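To start, the structure under review is shown below, and the notes come after it.
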Amino acid sequence: MIEVEHLVKKYGSLTAVDDLNMKIEPGRIYGLLGKNGAGKTTTMNMMTGYIGATSGTVKVCGHDIFKETEAAKREIGYLPEIPPLYTDMTVYEYLSFCAELKGIGKKDRDDSVVEVMEKTGVAEMEGRLIRNLSKGYRQRVGLAQAIMGNPSIIILDEPTVGLDPVQMIEMRDLIQELGKEHTVILSSHILSEVSAVCDYIFIISDGKLVANDTTENLTQRMNRGQQTIMVTIKGDAARAQKLLSDLEHVDHVTMQQSEEEGTALLAVTAKGREDIREEISLSLSKAGIAIFAMKENTQSLEDVFIELTEKLVHGELDLAFS
């Protein structure tokens, strides 16, 4: 639905977006993840045709956003980080105005406004002035204008910024509902938001794409297939460490700080891709060492994000990873 090829944006000597390549397929919720200043908003502004590119192309449903701007924009609903609201209008007046701007005829305009108000949960606020609405409701009104006209692609820049925890959860639920009918792209620097909502993630750092995959695959790839099992035991910790270190498929065992008094916590790392849980269990049971807990330890999305961006900063990241 969107193809981004060799996209570059420079402001003088500053390169905000650096040779970015992305492909957006239909039926998914995509996350654009990166720290503040990573280039997310600049990328979205180019994808939506709000600003031009120094070089490169963006095609939306086959239309070049820089050459066939009108046709491409018809496919997109966009919610900037600061919603473009006219606060002296009522919710209904504003959305009716947006419908007119999007070329929706008078005959269908009222139905379109009612539909988007119901979808975004602002119908009860239709007669209220926007300036009297809470931050959460203003964000919903901004989202309502984005989905006006039923675009195939919805692009949301930091959609939960400034919301309280309850409003954030409500916005996430709303985005997931929209994802059933639209392709959704959202940017965020909040890791939990991206992992909770998105099916597929693009990680951007310093204008470069450093990784892209599903959340699950990203963490698996960063773990490089090497399994680490956290084992909580009661008994002789040194003996347990020696027993486990001698196992055929164990690479190494390290002692960790245990949170439970009278127990020891061991991190057991496998050789290659071997699943060592059964081997651990049988070895410790045979030695009479009680196992209180055993779980696989994998990197979180936050770990992946930090590791990738730090490697890029220090020149250690092979961008072929993405």
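Residue numbering restarts at 1 in every chain; chains get A, B, ... in the order shown in the structure tokens, and ligands count up from 1 in that same order.
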
Can you list, as number ranges by chain, every residue of stretch 79-318 of chain A that DSSP puts in alpha helix (DSSP H)? A: 91-101, 106-120, 135-147, 165-178, 191-197, 215-223, 237-245, 277-286, 301-313

Counting only C-alpha atoms, what are the residues of stretch 28-116 of chain A within 6 Å of stretch 123-145 of chain A, and for each of them which pair of atoms is the nearest and at what distance in Å, to one decimal? Sort the table by chain and rising number, as CSV.
residue,atom,partner,partner_atom,distance
A:Pro83,CA,A:Gly142,CA,5.2
A:Thr87,CA,A:Arg131,CA,4.5
A:Met89,CA,A:Leu129,CA,5.5
A:Thr90,CA,A:Leu129,CA,4.1
A:Val91,CA,A:Glu126,CA,4.7
A:Tyr92,CA,A:Glu126,CA,4.8
A:Val116,CA,A:Ala144,CA,5.3

Residues flagged strand (DSSP E) by DSSP in stretch 121-294 of chain A, as a ChimeraX atom specification: /A:153-157,183-188,200-205,208-213,228-234,250-256,264-270,290-294

Show which residues sit within 8 Å of stretch 110-115 of chain A, as a PyMOL selection string. Count only C-alpha atoms, and ignore same-chain residues fewer than 2 positions away. chain A and resi 92+95-96+99+106-108+117-119+123+148-149

Work out how far atom CA of A:Thr54 is from atom CA of A:Ile185, in Å to one decimal. 22.5 Å

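Remark: for A:Ile147, the closest of the candidate residues A:Asp88, A:Glu68, A:Glu75, A:Glu216 is A:Glu75 (distances computed over only C-alpha atoms).
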
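Neighbouring residues of A:Ile276 at 9 Å or closer, counting only C-alpha atoms and skipping chain neighbours under 6 positions away, are Gln227, Thr228, Ile229, His249, Val250, Val268, Thr269 and Ala270 of chain A.
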
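One finds atom CA of A:Gly105 at 28.6 Å from atom CA of A:Met44.
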
Output as a Markdown table one row per residue of stretch 40-156 of chain A within 8 Å of stretch 10-25 of chain A: the closest atom pair and its distance in Å to one decimal place, counting only C-alpha atoms, sorted by chain and residue number ascending.
| residue | atom | partner | partner_atom | distance |
| --- | --- | --- | --- | --- |
| A:Thr42 | CA | A:Ala16 | CA | 7.1 |
| A:Thr43 | CA | A:Val17 | CA | 6.9 |
| A:Thr54 | CA | A:Lys10 | CA | 6.2 |
| A:Gly56 | CA | A:Asp19 | CA | 7.7 |

With N, CA, C and O atoms retained, write the just-selected residues as a PDB file, in the first residue's frame.
ATOM      1  N   THR A  42       9.348  13.454  10.527  1.00  0.00           N
ATOM      2  CA  THR A  42       9.785  13.864   9.186  1.00  0.00           C
ATOM      3  C   THR A  42       9.401  12.807   8.160  1.00  0.00           C
ATOM      4  O   THR A  42       8.917  13.130   7.064  1.00  0.00           O
ATOM      5  N   THR A  43       9.599  11.545   8.516  1.00  0.00           N
ATOM      6  CA  THR A  43       9.223  10.453   7.613  1.00  0.00           C
ATOM      7  C   THR A  43       7.729  10.472   7.335  1.00  0.00           C
ATOM      8  O   THR A  43       7.288  10.370   6.181  1.00  0.00           O
ATOM      9  N   THR A  54      14.288  15.391  -0.146  1.00  0.00           N
ATOM     10  CA  THR A  54      15.515  15.770  -0.840  1.00  0.00           C
ATOM     11  C   THR A  54      15.761  14.827  -2.007  1.00  0.00           C
ATOM     12  O   THR A  54      16.155  15.246  -3.100  1.00  0.00           O
ATOM     13  N   GLY A  56      14.522  10.431  -3.339  1.00  0.00           N
ATOM     14  CA  GLY A  56      13.763   9.222  -3.035  1.00  0.00           C
ATOM     15  C   GLY A  56      12.304   9.347  -3.424  1.00  0.00           C
ATOM     16  O   GLY A  56      11.841  10.414  -3.839  1.00  0.00           O
TER      17      GLY A  56
END

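Distances to A:Asp173 were evaluated for A:Pro151, A:Gly207, A:Gly121, A:Gly31 using only C-alpha atoms, and the minimum falls at A:Gly121.
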
Test item: residues at most 9 Å from A:Leu247, only C-alpha atoms, excluding those fewer than 3 positions along its chain, as a PyMOL selection string: chain A and resi 243-244+250-251+279-280+283

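The gap separating atom CA of A:Ile76 from atom CA of A:His6 is 21.0 Å, in Å to one decimal.
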
Non-local contacts of A:Thr183 (12 Å; only C-alpha atoms; under 4 positions in same chain excluded) as a PyMOL selection string: chain A and resi 1-2+24-31+60-61+75-77+147+150-156+175-179+198-200
